[in-house]
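Novice: Data: coords.pdb, PDB, C-alpha atoms.
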ATOM      1  CA  TYR A   1     163.389 120.383  48.222
ATOM      2  CA  ARG A   2     163.410 123.482  46.080
ATOM      3  CA  PHE A   3     163.349 124.198  42.421
ATOM      4  CA  LYS A   4     166.232 126.622  41.863
ATOM      5  CA  PRO A   5     165.981 128.781  38.738
ATOM      6  CA  SER A   6     169.248 129.644  37.050
ATOM      7  CA  HIS A   7     168.686 133.349  37.625
ATOM      8  CA  GLY A   8     168.952 133.201  41.418
ATOM      9  CA  SER A   9     167.456 131.615  44.508
ATOM     10  CA  ALA A  10     165.375 134.689  45.276
ATOM     11  CA  LEU A  11     162.903 133.558  42.648
ATOM     12  CA  SER A  12     162.956 129.897  43.625
ATOM     13  CA  LYS A  13     159.665 128.231  44.403
ATOM     14  CA  THR A  14     159.091 125.669  47.119
ATOM     15  CA  LEU A  15     157.230 122.644  45.852
ATOM     16  CA  GLY A  16     154.991 122.012  48.831
ATOM     17  CA  THR A  17     155.543 119.696  51.775
ATOM     18  CA  ILE A  18     156.715 116.161  51.139
ATOM     19  CA  ARG A  19     154.539 113.506  52.708
ATOM     20  CA  ALA A  20     155.304 109.812  52.867
ATOM     21  CA  ASP A  21     152.822 107.030  52.297
ATOM     22  CA  LYS A  22     154.348 104.358  54.520
ATOM     23  CA  ASP A  23     151.521 101.823  54.457
ATOM     24  CA  VAL A  24     151.697 100.591  50.903
ATOM     25  CA  ASN A  25     149.582  97.592  50.028
ATOM     26  CA  ARG A  26     151.750  94.491  49.675
ATOM     27  CA  ASN A  27     149.052  92.296  48.191
ATOM     28  CA  GLU A  28     149.949  91.425  44.623
ATOM     29  CA  THR A  29     147.436  91.260  41.809
ATOM     30  CA  ALA A  30     147.197  87.930  40.015
ATOM     31  CA  LEU A  31     148.350  87.890  36.407
ATOM     32  CA  SER A  32     145.801  87.595  33.635
ATOM     33  CA  SER A  33     145.644  88.461  29.950
ATOM     34  CA  THR A  34     142.955  91.144  30.245
ATOM     35  CA  ARG A  35     141.463  92.905  33.209
ATOM     36  CA  SER A  36     139.326  96.022  33.650
ATOM     37  CA  LEU A  37     139.237  98.097  36.816
ATOM     38  CA  ILE A  38     137.494 101.353  37.642
ATOM     39  CA  ASN A  39     139.865 104.292  37.325
ATOM     40  CA  GLN A  40     139.555 106.131  40.644
ATOM     41  CA  TYR A  41     140.894 109.373  39.155
ATOM     42  CA  ASN A  42     138.391 109.504  36.311
ATOM     43  CA  PRO A  43     135.381 107.168  36.683
ATOM     44  CA  LEU A  44     134.636 107.517  32.962
ATOM     45  CA  HIS A  45     137.838 105.615  32.189
ATOM     46  CA  THR A  46     138.742 102.041  33.086
ATOM     47  CA  ILE A  47     142.040 100.216  33.253
ATOM     48  CA  SER A  48     141.995  97.720  30.401
ATOM     49  CA  ILE A  49     145.210  95.916  29.486
ATOM     50  CA  HIS A  50     145.225  94.081  26.172
ATOM     51  CA  LYS A  51     147.502  93.896  23.159
ATOM     52  CA  LEU A  52     146.737  96.171  20.216
ATOM     53  CA  TYR A  53     149.690  95.726  17.844
ATOM     54  CA  THR A  54     153.044  93.987  17.466
ATOM     55  CA  ILE A  55     155.552  95.484  15.024
ATOM     56  CA  ASP A  56     158.762  93.872  13.785
ATOM     57  CA  LEU A  57     161.815  96.125  14.089
ATOM     58  CA  ASP A  58     165.160  96.151  12.315
ATOM     59  CA  ILE A  59     167.005  97.804  15.225
ATOM     60  CA  SER A  60     167.242  97.260  18.960
ATOM     61  CA  ALA A  61     165.068 100.069  20.342
ATOM     62  CA  LYS A  62     167.132 101.343  23.248
ATOM     63  CA  TRP A  63     164.851 104.379  23.574
ATOM     64  CA  ILE A  64     161.166 104.869  22.827
ATOM     65  CA  VAL A  65     159.342 108.209  22.846
ATOM     66  CA  SER A  66     155.617 107.817  22.211
ATOM     67  CA  SER A  67     154.259 110.912  23.979
ATOM     68  CA  ILE A  68     154.498 113.059  20.830
ATOM     69  CA  ALA A  69     151.018 113.195  19.275
ATOM     70  CA  ASP A  70     150.398 110.487  16.646
ATOM     71  CA  ARG A  71     154.039 109.413  16.391
ATOM     72  CA  ILE A  72     156.406 106.898  17.948
ATOM     73  CA  PHE A  73     160.170 107.500  17.865
ATOM     74  CA  ILE A  74     162.689 104.735  18.507
ATOM     75  CA  CYS A  75     166.479 104.956  18.579
ATOM     76  CA  ASP A  76     169.385 102.600  19.248
ATOM     77  CA  ASN A  77     172.713 103.457  20.851
ATOM     78  CA  GLU A  78     174.421 103.807  17.462
ATOM     79  CA  GLY A  79     172.028 106.549  16.360
ATOM     80  CA  GLU A  80     169.681 104.594  14.095
ATOM     81  CA  VAL A  81     166.222 106.203  14.277
ATOM     82  CA  ARG A  82     162.831 104.900  13.166
ATOM     83  CA  ILE A  83     159.645 106.984  13.243
ATOM     84  CA  PHE A  84     156.182 105.448  13.132
ATOM     85  CA  SER A  85     152.906 107.195  12.446
ATOM     86  CA  TYR A  86     150.293 105.883  14.868
ATOM     87  CA  SER A  87     146.912 106.911  16.260
ATOM     88  CA  ARG A  88     144.512 104.541  17.949
ATOM     89  CA  ARG A  89     142.000 107.357  18.200
ATOM     90  CA  ARG A  90     141.984 107.673  14.402
ATOM     91  CA  ARG A  91     142.247 103.902  13.976
ATOM     92  CA  ARG A  92     145.621 104.326  12.316
ATOM     93  CA  GLN A  93     147.899 101.309  12.644
ATOM     94  CA  PRO A  94     151.628 101.860  13.255
ATOM     95  CA  LEU A  95     153.280 102.711   9.934
ATOM     96  CA  LEU A  96     157.011 103.254   9.457
ATOM     97  CA  THR A  97     157.380 106.710   7.896
ATOM     98  CA  GLU A  98     161.058 107.613   8.352
ATOM     99  CA  ARG A  99     164.372 105.867   8.923
ATOM    100  CA  PHE A 100     167.784 107.512   9.161
ATOM    101  CA  HIS A 101     171.029 107.671  11.117
ATOM    102  CA  LEU A 102     171.899 110.539  13.443
ATOM    103  CA  LEU A 103     175.222 112.280  12.885
ATOM    104  CA  ASN A 104     176.595 111.360  16.284
ATOM    105  CA  ILE A 105     180.321 110.854  16.859
ATOM    106  CA  ARG A 106     180.228 108.177  19.579
ATOM    107  CA  LEU A 107     177.637 105.818  21.007
ATOM    108  CA  ILE A 108     174.521 107.497  22.377
ATOM    109  CA  SER A 109     173.904 107.205  26.113
ATOM    110  CA  SER A 110     170.668 109.256  26.400
ATOM    111  CA  PHE A 111     167.983 110.175  23.881
ATOM    112  CA  THR A 112     164.657 111.998  23.805
ATOM    113  CA  VAL A 113     162.379 113.935  21.462
ATOM    114  CA  THR A 114     160.837 117.393  21.862
ATOM    115  CA  HIS A 115     158.467 119.433  19.710
ATOM    116  CA  ASP A 116     161.210 120.371  17.235
ATOM    117  CA  TYR A 117     164.256 118.259  18.064
ATOM    118  CA  LEU A 118     165.708 114.803  18.331
ATOM    119  CA  ILE A 119     168.135 115.133  21.247
ATOM    120  CA  ALA A 120     171.034 112.717  21.719
ATOM    121  CA  PHE A 121     173.712 112.830  24.410
ATOM    122  CA  GLU A 122     177.127 111.175  24.076
ATOM    123  CA  SER A 123     178.809 110.520  27.416
ATOM    124  CA  ASP A 124     182.219 109.942  25.792
ATOM    125  CA  THR A 125     182.295 113.440  24.294
ATOM    126  CA  GLN A 126     179.957 115.199  26.792
ATOM    127  CA  MET A 127     178.099 116.583  23.777
ATOM    128  CA  ILE A 128     174.429 116.963  22.905
ATOM    129  CA  THR A 129     173.370 116.895  19.272
ATOM    130  CA  LEU A 130     170.133 118.408  18.018
ATOM    131  CA  HIS A 131     168.546 116.994  14.867
ATOM    132  CA  THR A 132     165.286 117.769  13.121
ATOM    133  CA  HIS A 133     162.506 115.178  13.102
ATOM    134  CA  HIS A 134     163.705 114.289   9.596
ATOM    135  CA  GLY A 135     167.292 113.619  10.684
ATOM    136  CA  GLY A 136     168.996 116.869   9.685
ATOM    137  CA  LEU A 137     171.811 117.947  12.017
ATOM    138  CA  LEU A 138     171.146 121.376  13.540
ATOM    139  CA  VAL A 139     173.873 121.889  16.115
ATOM    140  CA  ARG A 140     176.274 120.092  18.422
ATOM    141  CA  LEU A 141     176.662 121.575  21.914
ATOM    142  CA  ASN A 142     178.767 120.921  25.008
ATOM    143  CA  PHE A 143     176.724 119.453  27.863
ATOM    144  CA  SER A 144     178.677 118.885  31.078
ATOM    145  CA  TYR A 145     175.783 117.752  33.302
ATOM    146  CA  ASP A 146     176.557 114.025  32.879
ATOM    147  CA  PRO A 147     172.932 112.830  32.596
ATOM    148  CA  ILE A 148     171.919 109.259  33.299
ATOM    149  CA  MET A 149     168.581 110.077  31.653
ATOM    150  CA  ILE A 150     167.007 112.851  29.569
ATOM    151  CA  VAL A 151     163.239 113.201  29.126
ATOM    152  CA  ARG A 152     161.042 115.707  27.337
ATOM    153  CA  SER A 153     159.085 118.248  29.391
ATOM    154  CA  ASP A 154     157.652 120.391  26.602
ATOM    155  CA  TYR A 155     154.014 119.387  26.871
ATOM    156  CA  LEU A 156     153.029 123.037  27.393
ATOM    157  CA  THR A 157     156.095 124.861  26.050
ATOM    158  CA  LYS A 158     158.335 123.933  23.147
ATOM    159  CA  ASN A 159     161.707 122.215  23.461
ATOM    160  CA  GLN A 160     162.282 121.810  27.176
ATOM    161  CA  ILE A 161     163.856 118.757  28.790
ATOM    162  CA  TRP A 162     164.647 117.392  32.229
ATOM    163  CA  SER A 163     168.078 115.869  32.749
ATOM    164  CA  CYS A 164     169.036 113.782  35.778
ATOM    165  CA  SER A 165     172.628 113.095  36.841
ATOM    166  CA  ARG A 166     173.404 110.333  39.300
ATOM    167  CA  THR A 167     177.059 111.326  39.713
ATOM    168  CA  LYS A 168     176.223 114.969  40.459
ATOM    169  CA  ARG A 169     173.017 114.134  42.400
ATOM    170  CA  GLN A 170     171.139 116.840  40.518
ATOM    171  CA  CYS A 171     168.264 117.152  38.071
ATOM    172  CA  PHE A 172     167.860 120.173  35.805
ATOM    173  CA  GLN A 173     165.191 121.485  33.497
ATOM    174  CA  PHE A 174     166.572 123.115  30.349
ATOM    175  CA  ASP A 175     165.231 125.221  27.526
ATOM    176  CA  ILE A 176     166.901 124.400  24.210
ATOM    177  CA  ASN A 177     167.288 126.672  21.190
ATOM    178  CA  HIS A 178     169.372 125.663  18.182
ATOM    179  CA  ILE A 179     169.243 129.155  16.636
ATOM    180  CA  THR A 180     170.945 130.832  19.594
ATOM    181  CA  LYS A 181     172.944 127.636  20.266
ATOM    182  CA  GLU A 182     171.951 127.756  23.925
ATOM    183  CA  ILE A 183     170.897 125.227  26.537
ATOM    184  CA  ILE A 184     169.494 127.379  29.339
ATOM    185  CA  PRO A 185     168.933 125.938  32.858
ATOM    186  CA  LEU A 186     165.460 126.818  34.130
ATOM    187  CA  GLU A 187     164.919 124.773  37.278
ATOM    188  CA  GLN A 188     167.029 122.585  39.527
ATOM    189  CA  LEU A 189     166.496 119.739  41.974
ATOM    190  CA  ASP A 190     169.588 119.447  44.142
ATOM    191  CA  PHE A 191     170.126 116.222  46.111
ATOM    192  CA  LYS A 192     173.748 116.735  47.171
ATOM    193  CA  TYR A 193     172.860 117.076  50.855
ATOM    194  CA  SER A 194     171.233 114.417  53.006
ATOM    195  CA  ILE A 195     167.774 114.904  54.498
ATOM    196  CA  SER A 196     166.951 112.943  57.664
ATOM    197  CA  ASN A 197     170.245 111.086  57.116
ATOM    198  CA  ILE A 198     169.086 109.963  53.667
ATOM    199  CA  LEU A 199     171.199 110.883  50.654
ATOM    200  CA  ILE A 200     169.003 110.685  47.571
ATOM    201  CA  ASP A 201     170.418 108.635  44.694
ATOM    202  CA  PRO A 202     168.494 109.596  41.509
ATOM    203  CA  ILE A 203     168.596 107.001  38.717
ATOM    204  CA  GLY A 204     165.585 108.020  36.629
ATOM    205  CA  ILE A 205     163.151 110.821  35.925
ATOM    206  CA  SER A 206     159.720 111.226  34.337
ATOM    207  CA  SER A 207     157.475 114.203  33.577
ATOM    208  CA  ASP A 208     153.908 114.744  32.400
ATOM    209  CA  GLU A 209     151.639 117.376  30.868
ATOM    210  CA  GLN A 210     150.587 118.617  34.328
ATOM    211  CA  GLY A 211     154.105 119.811  35.103
ATOM    212  CA  ARG A 212     154.804 117.031  37.600
ATOM    213  CA  ILE A 213     158.327 115.651  37.968
ATOM    214  CA  ALA A 214     158.946 112.132  39.292
ATOM    215  CA  VAL A 215     162.442 111.083  40.394
ATOM    216  CA  HIS A 216     163.294 107.415  40.982
ATOM    217  CA  ASP A 217     165.504 107.237  44.086
ATOM    218  CA  ILE A 218     167.445 104.136  45.193
ATOM    219  CA  ASN A 219     169.203 105.441  48.312
ATOM    220  CA  GLU A 220     170.762 102.884  50.661
ATOM    221  CA  VAL A 221     168.361 103.568  53.548
ATOM    222  CA  THR A 222     164.880 103.219  52.046
ATOM    223  CA  THR A 223     165.893 101.524  48.736
ATOM    224  CA  ASP A 224     163.438 102.124  45.858
ATOM    225  CA  ARG A 225     161.006 105.014  46.110
ATOM    226  CA  LEU A 226     159.465 107.656  43.865
ATOM    227  CA  LEU A 227     159.700 111.374  44.664
ATOM    228  CA  ILE A 228     156.916 113.324  42.940
ATOM    229  CA  PHE A 229     157.282 117.105  42.776
ATOM    230  CA  THR A 230     154.366 119.416  41.977
ATOM    231  CA  ASN A 231     153.682 123.096  42.495
ATOM    232  CA  ASP A 232     151.495 122.613  45.566
ATOM    233  CA  GLN A 233     152.361 119.293  47.201
ATOM    234  CA  ASN A 234     155.120 116.707  46.961
ATOM    235  CA  MET A 235     154.879 112.988  47.628
ATOM    236  CA  ILE A 236     157.146 110.079  48.483
ATOM    237  CA  ILE A 237     155.897 106.741  47.156
ATOM    238  CA  PRO A 238     157.723 103.626  48.474
ATOM    239  CA  LEU A 239     158.183 101.138  45.635
ATOM    240  CA  ASP A 240     159.561  98.028  47.343
ATOM    241  CA  SER A 241     156.043  96.688  47.854
ATOM    242  CA  ILE A 242     155.802  95.763  44.172
ATOM    243  CA  LYS A 243     158.723  93.350  44.566
ATOM    244  CA  TYR A 244     158.001  89.717  45.328
ATOM    245  CA  ALA A 245     158.892  88.976  48.946
ATOM    246  CA  ASP A 246     161.301  86.146  48.086
ATOM    247  CA  ARG A 247     163.089  88.174  45.374
ATOM    248  CA  GLN A 248     163.909  91.435  47.110
ATOM    249  CA  ILE A 249     167.638  91.061  46.472
ATOM    250  CA  SER A 250     167.574  89.494  43.000
ATOM    251  CA  SER A 251     164.907  91.807  41.562
ATOM    252  CA  GLN A 252     165.267  95.327  40.198
ATOM    253  CA  ILE A 253     163.006  98.271  39.322
ATOM    254  CA  GLU A 254     164.391  99.632  36.065
ATOM    255  CA  ARG A 255     162.011 102.455  35.156
ATOM    256  CA  VAL A 256     159.116 104.426  36.642
ATOM    257  CA  LEU A 257     156.793 106.524  34.466
ATOM    258  CA  LEU A 258     154.070 109.041  35.146
ATOM    259  CA  VAL A 259     150.990 108.500  32.968
ATOM    260  CA  PRO A 260     149.833 111.518  30.914
ATOM    261  CA  LYS A 261     146.311 112.701  31.781
ATOM    262  CA  GLN A 262     146.070 110.139  34.615
ATOM    263  CA  SER A 263     147.696 111.622  37.706
ATOM    264  CA  ASN A 264     146.676 108.650  39.842
ATOM    265  CA  LEU A 265     148.678 106.095  37.837
ATOM    266  CA  ILE A 266     152.335 105.191  37.512
ATOM    267  CA  VAL A 267     153.898 102.526  35.293
ATOM    268  CA  ILE A 268     156.816 100.531  36.696
ATOM    269  CA  LEU A 269     159.212  98.378  34.679
ATOM    270  CA  TYR A 270     160.239  95.560  37.007
ATOM    271  CA  ALA A 271     162.706  92.684  36.567
ATOM    272  CA  PRO A 272     161.733  90.036  39.184
ATOM    273  CA  GLN A 273     164.876  87.940  38.604
ATOM    274  CA  SER A 274     167.251  90.356  36.912
ATOM    275  CA  THR A 275     170.323  88.220  37.622
ATOM    276  CA  ILE A 276     168.805  84.987  36.282
ATOM    277  CA  THR A 277     166.285  85.560  33.470
ATOM    278  CA  ASN A 278     165.149  88.230  31.017
ATOM    279  CA  LEU A 279     161.625  88.167  32.448
ATOM    280  CA  HIS A 280     160.143  91.629  32.951
ATOM    281  CA  GLU A 281     156.866  92.851  34.373
ATOM    282  CA  ILE A 282     155.006  96.068  33.674
ATOM    283  CA  VAL A 283     153.281  96.994  36.925
ATOM    284  CA  ILE A 284     150.406  99.489  36.989
ATOM    285  CA  VAL A 285     149.945 101.213  40.359
ATOM    286  CA  ASP A 286     147.259 103.614  41.582
ATOM    287  CA  ILE A 287     149.095 106.028  43.884
ATOM    288  CA  GLU A 288     146.034 108.063  44.883
ATOM    289  CA  LEU A 289     144.384 105.160  46.694
ATOM    290  CA  ARG A 290     145.208 104.839  50.390
ATOM    291  CA  PRO A 291     147.153 102.674  50.586
ATOM    292  CA  ALA A 292     148.506 102.667  47.026
ATOM    293  CA  ARG A 293     147.343  99.619  45.101
ATOM    294  CA  ILE A 294     148.790  97.411  42.389
ATOM    295  CA  LEU A 295     146.162  97.247  39.650
ATOM    296  CA  TYR A 296     147.852  94.991  37.135
ATOM    297  CA  ARG A 297     150.996  93.021  36.276
ATOM    298  CA  LEU A 298     151.860  92.314  32.642
ATOM    299  CA  GLN A 299     154.668  89.809  32.007
ATOM    300  CA  GLU A 300     157.128  89.825  29.103
ATOM    301  CA  VAL A 301     159.341  86.722  29.060
ATOM    302  CA  ASN A 302     161.781  88.018  26.426
ATOM    303  CA  GLY A 303     162.786  91.075  28.419
ATOM    304  CA  ILE A 304     161.974  94.736  27.810
ATOM    305  CA  GLU A 305     164.485  97.190  26.374
ATOM    306  CA  ASN A 306     162.502 100.375  27.025
ATOM    307  CA  ILE A 307     158.961 101.610  27.581
ATOM    308  CA  ASP A 308     156.843 104.739  27.221
ATOM    309  CA  VAL A 309     153.203 105.796  27.510
ATOM    310  CA  THR A 310     151.261 107.631  24.797
ATOM    311  CA  LEU A 311     149.084 110.686  25.407
ATOM    312  CA  ASN A 312     146.037 108.486  24.763
ATOM    313  CA  GLY A 313     146.880 105.924  27.413
ATOM    314  CA  GLU A 314     148.741 103.150  25.606
ATOM    315  CA  LEU A 315     151.845 101.271  26.677
ATOM    316  CA  VAL A 316     154.578 101.073  24.040
ATOM    317  CA  TYR A 317     157.588  98.893  24.736
ATOM    318  CA  SER A 318     160.394  97.207  22.819
ATOM    319  CA  VAL A 319     161.680  93.665  23.157
ATOM    320  CA  THR A 320     165.178  92.639  22.118
ATOM    321  CA  PRO A 321     165.750  88.869  22.405
ATOM    322  CA  PRO A 322     169.166  87.455  23.371
ATOM    323  CA  VAL A 323     171.730  87.256  20.581
ATOM    324  CA  ASN A 324     171.641  83.457  20.579
ATOM    325  CA  LYS A 325     167.926  83.448  19.689
ATOM    326  CA  ARG A 326     166.931  83.902  16.065
ATOM    327  CA  ILE A 327     164.067  86.225  16.881
ATOM    328  CA  ILE A 328     163.895  89.736  15.488
ATOM    329  CA  PRO A 329     163.332  92.725  17.816
ATOM    330  CA  LYS A 330     159.723  93.764  18.271
ATOM    331  CA  MET A 331     157.661  96.672  19.513
ATOM    332  CA  HIS A 332     154.410  95.951  21.348
ATOM    333  CA  ILE A 333     151.526  98.354  21.918
ATOM    334  CA  TYR A 334     149.017  97.641  24.680
ATOM    335  CA  SER A 335     145.947  99.532  25.756
ATOM    336  CA  LEU A 336     146.091 100.974  29.252
ATOM    337  CA  ILE A 337     143.060 103.255  29.455
ATOM    338  CA  ASN A 338     139.766 102.591  27.669
TER     339      ASN A 338
END
Let me see whether you can do it: turn the structure in this file into structure tokens.
Specialist:
Amino acid sequence: YRFKPSHGSALSKTLGTIRADKDVNRNETALSSTRSLINQYNPLHTISIHKLYTIDLDISAKWIVSSIADRIFICDNEGEVRIFSYSRRRRRQPLLTERFHLLNIRLISSFTVTHDYLIAFESDTQMITLHTHHGGLLVRLNFSYDPIMIVRSDYLTKNQIWSCSRTKRQCFQFDINHITKEIIPLEQLDFKYSISNILIDPIGISSDEQGRIAVHDINEVTTDRLLIFTNDQNMIIPLDSIKYADRQISSQIERVLLVPKQSNLIVILYAPQSTITNLHEIVIVDIELRPARILYRLQEVNGIENIDVTLNGELVYSVTPPVNKRIIPKMHIYSLIN
């Protein structure tokens, strides 16, 4: 695979040689409320999963962005936004600081947050809207890339995103500027052609502060796997091993996240019985061990709407109960790294 800059293939950079880890550990970790394990990437840190906070919400949080320092952004598909101030490091509990409605025309199908912008994509209009962090509309721009997902990638530079399109089988990195009213393609991952008779089917994307890009692929040959692209070496991580053996068909991997500052970890949102119940599991996997190892499974019986990881190693996810249950939506925050 190659990253292809918009200014010509002569300047494209090859992202190393892809290697496959075929022997993934299929032993599953027993569930428990709290467990600590040595972090192989950084021995000073341990994996410690326990609940920190639960916050009642007044919207169904379709999207969560918690990787902006000391803030958590949530948004629903109608454009309602809530912003929480939060810092475990400063012992600051989640506090609702802003609430407003985006000036979108139709329902939102993708949403993310960068250093300066709230970015919402409407599939019905093929438009992206840029708002300030206080809800002010900056500009509305055409965006014909048909993304299934948009994520921030401006950890080192301001206002860059990655967009992944399943229909076009492409992922692009863009630089966004509301003053010049431009969305400039910077890099490209093109999956339109098969490799070893496998046609990649990208359904999700994640990025981190190290410049890594992870694409969730569900092609018909190998089913679920994670393609991780870096500047020096690429990896293929098979994901089917996290599925229970008797639920391979009925289960579904809905999201895969890189963990900021912990290159050995990924977070997987898994629905073991997606056709029957709302039960979800958050699965923590160490991908630098050989073979890769499941470190922890955290169950959520009410189902998970979306999930993100903070820069300080906390899981933030939203729960939206079924309509027939008189339970208000909630946001849970769990520790991940001590």
Novice: Using all atoms of segment 74-84 of chain A that appear in the file, construct an axis-aligned enclosing box with 5 Å of padding on every side and provide its centre coordinates and edge lengths in Å, rounded to one decimal, as lines of an AutoDock Vina configuration file.
Specialist:
center_x = 165.3
center_y = 104.8
center_z = 17.0
size_x = 28.2
size_y = 14.4
size_z = 17.7
Novice: Given the file shown, enumerate the residues that the PyMOL selection byres ((chain A and resi 145-153) around 7) captures and present them as a compact mmCIF listing (two decimals) with C-alpha atoms, in the frame of the given file.
Specialist:
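Result file follows (part-v6.txt):
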# COMPACT_ATOMS: atom_id res chain seq x y z
CA SER A 110 170.67 109.26 26.40
CA PHE A 111 167.98 110.18 23.88
CA THR A 112 164.66 112.00 23.80
CA VAL A 113 162.38 113.94 21.46
CA THR A 114 160.84 117.39 21.86
CA SER A 123 178.81 110.52 27.42
CA PHE A 143 176.72 119.45 27.86
CA SER A 144 178.68 118.88 31.08
CA ASP A 154 157.65 120.39 26.60
CA TYR A 155 154.01 119.39 26.87
CA GLN A 160 162.28 121.81 27.18
CA ILE A 161 163.86 118.76 28.79
CA TRP A 162 164.65 117.39 32.23
CA SER A 163 168.08 115.87 32.75
CA CYS A 164 169.04 113.78 35.78
CA SER A 165 172.63 113.10 36.84
CA ARG A 166 173.40 110.33 39.30
CA ILE A 203 168.60 107.00 38.72
CA GLY A 204 165.58 108.02 36.63
CA ILE A 205 163.15 110.82 35.92
CA SER A 206 159.72 111.23 34.34
CA SER A 207 157.48 114.20 33.58
CA ASP A 208 153.91 114.74 32.40
Novice: Pick out the residues sitting within 7 Å of Asn302 of chain A, and hand them over as a ChimeraX atom specification; count all atoms listed in the file, and ignore anything fewer than 3 positions along from it in its own chain.
Specialist: /A:278-279,319,321
Novice: Work out how far atom CA of Asp286 of chain A is from atom CA of Glu220 of chain A, in Å to one decimal.
Specialist: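 We find that atom CA of Glu220 of chain A and atom CA of Asp286 of chain A lie 25.2 Å from each other.
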Novice: Give me, please, the distance in Å between atom CA of Ile68 of chain A and atom CA of Arg90 of chain A, quoted to one decimal.
Specialist: 15.1 Å
Novice: Check the smallest atom-to-atom distance from each of A:Leu289, A:Leu107, A:Ile228, A:Leu336 to Val267 of chain A using only C-alpha atoms, then report the winner.
Specialist: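 Using only C-alpha atoms, Val267 of chain A sits closest to A:Leu336.
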Novice: I would like the residues chosen by the PyMOL selection byres ((chain A and resi 127) around 6) on the shown file; could you give them as a PyMOL selection string?
Specialist: chain A and resi 121-122+125-126+128+141-143
Novice: Just checking: using all atoms listed in the file, which residue out of A:Ile327, A:Ile47, A:Ile333, A:Ile105 ends up closest to Gln93 of chain A?
Specialist: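 Looking at the shortest contact to Gln93 of chain A, the residue is A:Ile333.
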Novice: For the file shown, what are the residues hit by the PyMOL selection byres ((chain A and resi 201) around 6), laid out as a PDB file with C-alpha atoms, in the frame of the given file?
Specialist:
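Saved the output as part-v3.pdb:
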ATOM      1  CA  ILE A 200     169.003 110.685  47.571  1.00  0.00           C
ATOM      2  CA  PRO A 202     168.494 109.596  41.509  1.00  0.00           C
ATOM      3  CA  ASP A 217     165.504 107.237  44.086  1.00  0.00           C
ATOM      4  CA  ILE A 218     167.445 104.136  45.193  1.00  0.00           C
ATOM      5  CA  ASN A 219     169.203 105.441  48.312  1.00  0.00           C
TER       6      ASN A 219
END
Novice: Please, what distance in Å, to one decimal, runs between atom CA of Gly211 of chain A and atom CA of Arg140 of chain A?
Specialist: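 Between atom CA of Gly211 of chain A and atom CA of Arg140 of chain A the gap is 27.7 Å.
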Novice: Please list as a ChimeraX atom specification every residue within 12 Å of segment 239-242 of chain A, counting all atoms listed in the file and excluding residues in the same chain fewer than 3 positions away.
Specialist: /A:20-29,216-218,222-227,236,245-249,251-256,266-272,281-287,291-297
Novice: Generate a file of the selected residues that holds C-alpha atoms, formatted as a short mmCIF file (atom, residue, chain, number, x, y, z; two decimals), in the frame of the given file.
Specialist:
data_model
loop_
_atom_site.label_atom_id
_atom_site.label_comp_id
_atom_site.auth_asym_id
_atom_site.auth_seq_id
_atom_site.Cartn_x
_atom_site.Cartn_y
_atom_site.Cartn_z
CA ALA A 20 155.30 109.81 52.87
CA ASP A 21 152.82 107.03 52.30
CA LYS A 22 154.35 104.36 54.52
CA ASP A 23 151.52 101.82 54.46
CA VAL A 24 151.70 100.59 50.90
CA ASN A 25 149.58 97.59 50.03
CA ARG A 26 151.75 94.49 49.68
CA ASN A 27 149.05 92.30 48.19
CA GLU A 28 149.95 91.42 44.62
CA THR A 29 147.44 91.26 41.81
CA HIS A 216 163.29 107.42 40.98
CA ASP A 217 165.50 107.24 44.09
CA ILE A 218 167.44 104.14 45.19
CA THR A 222 164.88 103.22 52.05
CA THR A 223 165.89 101.52 48.74
CA ASP A 224 163.44 102.12 45.86
CA ARG A 225 161.01 105.01 46.11
CA LEU A 226 159.46 107.66 43.86
CA LEU A 227 159.70 111.37 44.66
CA ILE A 236 157.15 110.08 48.48
CA ALA A 245 158.89 88.98 48.95
CA ASP A 246 161.30 86.15 48.09
CA ARG A 247 163.09 88.17 45.37
CA GLN A 248 163.91 91.44 47.11
CA ILE A 249 167.64 91.06 46.47
CA SER A 251 164.91 91.81 41.56
CA GLN A 252 165.27 95.33 40.20
CA ILE A 253 163.01 98.27 39.32
CA GLU A 254 164.39 99.63 36.06
CA ARG A 255 162.01 102.46 35.16
CA VAL A 256 159.12 104.43 36.64
CA ILE A 266 152.34 105.19 37.51
CA VAL A 267 153.90 102.53 35.29
CA ILE A 268 156.82 100.53 36.70
CA LEU A 269 159.21 98.38 34.68
CA TYR A 270 160.24 95.56 37.01
CA ALA A 271 162.71 92.68 36.57
CA PRO A 272 161.73 90.04 39.18
CA GLU A 281 156.87 92.85 34.37
CA ILE A 282 155.01 96.07 33.67
CA VAL A 283 153.28 96.99 36.92
CA ILE A 284 150.41 99.49 36.99
CA VAL A 285 149.94 101.21 40.36
CA ASP A 286 147.26 103.61 41.58
CA ILE A 287 149.10 106.03 43.88
CA PRO A 291 147.15 102.67 50.59
CA ALA A 292 148.51 102.67 47.03
CA ARG A 293 147.34 99.62 45.10
CA ILE A 294 148.79 97.41 42.39
CA LEU A 295 146.16 97.25 39.65
CA TYR A 296 147.85 94.99 37.14
CA ARG A 297 151.00 93.02 36.28
#
Novice: List every protein, DNA or RNA residue that has at least one atom no more than 8 Å from (161.1, 109.4, 20.7) in the file's coordinates, counting only C-alpha atoms, and write the result as a CSV table (one decimal) with C-alpha atoms, keeping the file's coordinate frame.
Specialist:
chain,number,residue,atom,x,y,z
A,63,TRP,CA,164.9,104.4,23.6
A,64,ILE,CA,161.2,104.9,22.8
A,65,VAL,CA,159.3,108.2,22.8
A,66,SER,CA,155.6,107.8,22.2
A,67,SER,CA,154.3,110.9,24.0
A,68,ILE,CA,154.5,113.1,20.8
A,72,ILE,CA,156.4,106.9,17.9
A,73,PHE,CA,160.2,107.5,17.9
A,74,ILE,CA,162.7,104.7,18.5
A,75,CYS,CA,166.5,105.0,18.6
A,83,ILE,CA,159.6,107.0,13.2
A,111,PHE,CA,168.0,110.2,23.9
A,112,THR,CA,164.7,112.0,23.8
A,113,VAL,CA,162.4,113.9,21.5
A,118,LEU,CA,165.7,114.8,18.3
